[in-house]
Structure formats: structure tokens, C-alpha cells
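The structure appears right after this line, and notes come after that.
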Amino acid sequence: MKKIVTLIVLFILFSCTDSSVMQPYDKAQKPADINIIGYSKPDIIQLRLNGVPVSINGNTSYTNKIETRLSFVVDENETDQLTIHNNQTHTEIARYTINYHNIQDFKDLNFFNLPGVFLQTYAVKPQVNLGKVGFEFIFPNLGEYSGSQLTNIKGVLKRENGVVLAEFDNIGKDHFTAVKIYNFFSASAPVYLELYKPGTTDPYIGSEIIKVKIKQDIGANMIVLQEVLENGKLVVKGDIDVADYL
């Protein structure tokens, strides 16, 4: 009888040992908290986390100002995909790959989805007093067609007669410059932004001065500069004014 009891105890002991060996360790995890502030007009967009639509105030598609906070868990050695889609065409506009090691890079996610441009930045329309004109600039595709390796450039804003209105030392890809303000002088007269290498009077690319013709509106102007090719020639445009949408 004692032998039988002993055998039963040994069987239970070895069974427990085998079970604990087979049990996998819990994966290392980190909490992900992403604060999203975006804007889309006129397109209606949809956010998806790993392919699943994100609901904001009960809606899975949204336009104009978009604000939400995503909270989930990121496992080590796994990735999560946060994507932005055009809700009508289902075209993917942007993709963010989130993992255990880069989660801190996504604490804040900001974007503007406007006709012809997608900006990954945050912006607030600057306050400009009555009778004044204010300009801010951003250059998200700097180098795309010019091949320039510069991360920012200098801009000099001038009247048609060459009078300097404002200078911008660091027009970059990721953020709007600080606003520069001057007195409004004409509703019909354009202004011109000349683009140079930082701290110089040398064009940021090539040898000819690069001039961008810009329509000035009284109040705030938040201009998106874009490199484009026209008949094979590099041209810089300044047609998009984010202030029109805010």
C-alpha cells in the first residue's frame, strides 16, 4: 500500500514539474497612450489600429478637427499598425509602425490632411492684429525633387519692388516657422519669397535665385512650400494656405 501511495505522489510531482516547464513566460509589455490631434478637409478619413476602425464619439469616419486618445498594450517582438485612410476611396494616406522600442515616439501624433498635401505637424492659427499681415512657412518635401540634403533653408519675403518685409532663418520640414508680421499694404499686390541656404545669400539649390510668388491675405497666412517639376524644371510653389482651413 505504501508503495502505491509513493508512486502516486511521484507521478503528481513529475506532472507538476513538466507542466511548469511547458508554461511560457509572460511577454514583456508596455502601455501605449497616443494623443491624436488632426484635421482633414474636405476629405472624410478613418483611423485604423491593426486594421480595425477607431471609433471617435461613436463615429468610425470623421472630418474637420479630429481628436482622440488611443490606449493599448504593445508586446515585445510584435508590431502594431496605425493607419489613416480616405474613407471614400479607402486609399491609405499614412502608416505608423509602432513597437515595443519606439512607443515613446508616438506619445503625440499630429496631422493635417488637405487637398494635395499631408502634413505631419501641429499648428495653431496665429493671432494677427487688424491691418497687419502675418506669415508662417513649412517645407515638408524639401529635397524631394531638388536632391538637396538641407533640413532647413532661409527665406526672405519681399515686395515686388525688392523691399524686404520679413526674414525666416529656419524654414524646415516638420514645423511651421514662428510668425512674422508687417503692415498690410495692398490687396492685389503679390509678395515673393526668395529661398537661400541657411546663413547665406546662395540659392538653396542651383545658381539662380529661387522666387516663390505668394498671395498675401490680411491676417494670418500659413504657407506650405512644395517642390514640383514643371516640364522637367524644378519649381517651388506656395499655393496652399493652411490658415484657410482653420
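Note on naming: chains are A, B, ... as they come in the C-alpha cells, residues start from 1 per chain, ligands start from 1 in the order shown.
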### Query
DSSP says helix (DSSP H, G or I) for which residues of range 201-246 of chain A? Put them as a PyMOL selection string?
chain A and resi 242-245
With N, CA and C atoms kept, could you save the residues just selected as a CSV table (one decimal), in the first residue's frame?
```
chain,number,residue,atom,x,y,z
A,242,VAL,N,-2.7,76.9,-45.0
A,242,VAL,CA,-3.4,76.1,-44.0
A,242,VAL,C,-4.3,77.0,-43.2
A,243,ALA,N,-4.0,78.3,-43.1
A,243,ALA,CA,-4.9,79.2,-42.4
A,243,ALA,C,-6.3,79.3,-42.9
A,244,ASP,N,-6.5,79.0,-44.2
A,244,ASP,CA,-7.8,79.0,-44.9
A,244,ASP,C,-8.7,77.9,-44.3
A,245,TYR,N,-8.1,76.9,-43.6
A,245,TYR,CA,-8.9,75.7,-43.1
A,245,TYR,C,-9.1,75.8,-41.6
```
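Within 8 Å of Ile214 in chain A, once only C-alpha atoms are used and residues closer than 6 positions along the same chain are dropped, the contacting residues are Pro190, Val191, Tyr192, Leu193, Gly238 and Asp239 of chain A.
Shell of range 52-60 of chain A at 10 Å, with only C-alpha atoms counted and residues fewer than 4 places along the chain excluded, is Ile45, Gln46, Leu47, Arg48, Ile66, Glu67, Thr68, Arg69, Leu70, Gln81, Leu82, Thr83, Ile84, His85 and Asn87 of chain A.
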#### Entry: Which of range 28-225 of chain A DSSP labels strand (DSSP E), written as a ChimeraX atom specification
/A:29-49,52-53,62-75,79-86,92-99,108-114,117-119,132-138,152-158,164-172,180-183,191-196,210-214,219-225
Counting only C-alpha atoms, which residues of range 88-144 of chain A sit at most 12 Å from some atom of range 169-178 of chain A, and what is each one's closest atom pair with its distance in Å to one decimal, listed by chain and rising residue number, as JSON lines?
```
{"residue": "A:Asn110", "atom": "CA", "partner": "A:Asp174", "partner_atom": "CA", "distance": 10.8}
{"residue": "A:Phe111", "atom": "CA", "partner": "A:Asp174", "partner_atom": "CA", "distance": 10.6}
{"residue": "A:Phe112", "atom": "CA", "partner": "A:His175", "partner_atom": "CA", "distance": 11.9}
{"residue": "A:Phe118", "atom": "CA", "partner": "A:Asp174", "partner_atom": "CA", "distance": 11.5}
{"residue": "A:Leu119", "atom": "CA", "partner": "A:Asp174", "partner_atom": "CA", "distance": 8.1}
{"residue": "A:Gln120", "atom": "CA", "partner": "A:Asp174", "partner_atom": "CA", "distance": 7.0}
{"residue": "A:Thr121", "atom": "CA", "partner": "A:His175", "partner_atom": "CA", "distance": 6.1}
{"residue": "A:Tyr122", "atom": "CA", "partner": "A:His175", "partner_atom": "CA", "distance": 7.4}
{"residue": "A:Ala123", "atom": "CA", "partner": "A:Phe176", "partner_atom": "CA", "distance": 7.2}
{"residue": "A:Val124", "atom": "CA", "partner": "A:Phe176", "partner_atom": "CA", "distance": 9.6}
{"residue": "A:Lys125", "atom": "CA", "partner": "A:Phe176", "partner_atom": "CA", "distance": 10.6}
{"residue": "A:Pro126", "atom": "CA", "partner": "A:Ala178", "partner_atom": "CA", "distance": 9.1}
{"residue": "A:Gln127", "atom": "CA", "partner": "A:Ala178", "partner_atom": "CA", "distance": 11.7}
{"residue": "A:Gly134", "atom": "CA", "partner": "A:Ala178", "partner_atom": "CA", "distance": 9.7}
{"residue": "A:Phe135", "atom": "CA", "partner": "A:Ala178", "partner_atom": "CA", "distance": 8.3}
{"residue": "A:Glu136", "atom": "CA", "partner": "A:Thr177", "partner_atom": "CA", "distance": 5.3}
{"residue": "A:Phe137", "atom": "CA", "partner": "A:Phe176", "partner_atom": "CA", "distance": 5.3}
{"residue": "A:Ile138", "atom": "CA", "partner": "A:Phe176", "partner_atom": "CA", "distance": 4.7}
{"residue": "A:Phe139", "atom": "CA", "partner": "A:Lys173", "partner_atom": "CA", "distance": 4.8}
{"residue": "A:Pro140", "atom": "CA", "partner": "A:Lys173", "partner_atom": "CA", "distance": 4.0}
{"residue": "A:Asn141", "atom": "CA", "partner": "A:Lys173", "partner_atom": "CA", "distance": 6.7}
{"residue": "A:Leu142", "atom": "CA", "partner": "A:Lys173", "partner_atom": "CA", "distance": 6.6}
{"residue": "A:Gly143", "atom": "CA", "partner": "A:Lys173", "partner_atom": "CA", "distance": 9.8}
{"residue": "A:Glu144", "atom": "CA", "partner": "A:Lys173", "partner_atom": "CA", "distance": 11.1}
```
Can you write just those residues out, C-alpha atoms, as a PDB file, in the first residue's frame?
```pdb
ATOM      1  CA  ASN A 110      -0.485  65.375 -35.240  1.00  0.00           C
ATOM      2  CA  PHE A 111      -1.507  65.769 -38.871  1.00  0.00           C
ATOM      3  CA  PHE A 112      -3.234  67.924 -41.475  1.00  0.00           C
ATOM      4  CA  PHE A 118      -0.489  65.663 -45.914  1.00  0.00           C
ATOM      5  CA  LEU A 119       1.391  67.362 -43.070  1.00  0.00           C
ATOM      6  CA  GLN A 120       2.619  65.511 -40.002  1.00  0.00           C
ATOM      7  CA  THR A 121       2.692  68.525 -37.724  1.00  0.00           C
ATOM      8  CA  TYR A 122       0.683  70.530 -35.227  1.00  0.00           C
ATOM      9  CA  ALA A 123      -0.288  74.114 -35.946  1.00  0.00           C
ATOM     10  CA  VAL A 124      -2.356  76.875 -34.400  1.00  0.00           C
ATOM     11  CA  LYS A 125      -3.524  79.851 -36.414  1.00  0.00           C
ATOM     12  CA  PRO A 126      -1.514  82.825 -35.141  1.00  0.00           C
ATOM     13  CA  GLN A 127      -3.184  85.939 -33.814  1.00  0.00           C
ATOM     14  CA  GLY A 134       1.421  87.545 -40.665  1.00  0.00           C
ATOM     15  CA  PHE A 135       3.327  84.746 -42.413  1.00  0.00           C
ATOM     16  CA  GLU A 136       4.478  81.314 -41.320  1.00  0.00           C
ATOM     17  CA  PHE A 137       6.112  78.717 -43.597  1.00  0.00           C
ATOM     18  CA  ILE A 138       6.740  74.975 -43.703  1.00  0.00           C
ATOM     19  CA  PHE A 139       8.540  72.989 -46.446  1.00  0.00           C
ATOM     20  CA  PRO A 140       7.589  69.295 -45.988  1.00  0.00           C
ATOM     21  CA  ASN A 141       9.044  67.938 -49.251  1.00  0.00           C
ATOM     22  CA  LEU A 142      12.274  69.926 -49.213  1.00  0.00           C
ATOM     23  CA  GLY A 143      14.774  67.978 -51.328  1.00  0.00           C
ATOM     24  CA  GLU A 144      12.255  65.611 -52.934  1.00  0.00           C
TER      25      GLU A 144
END
```
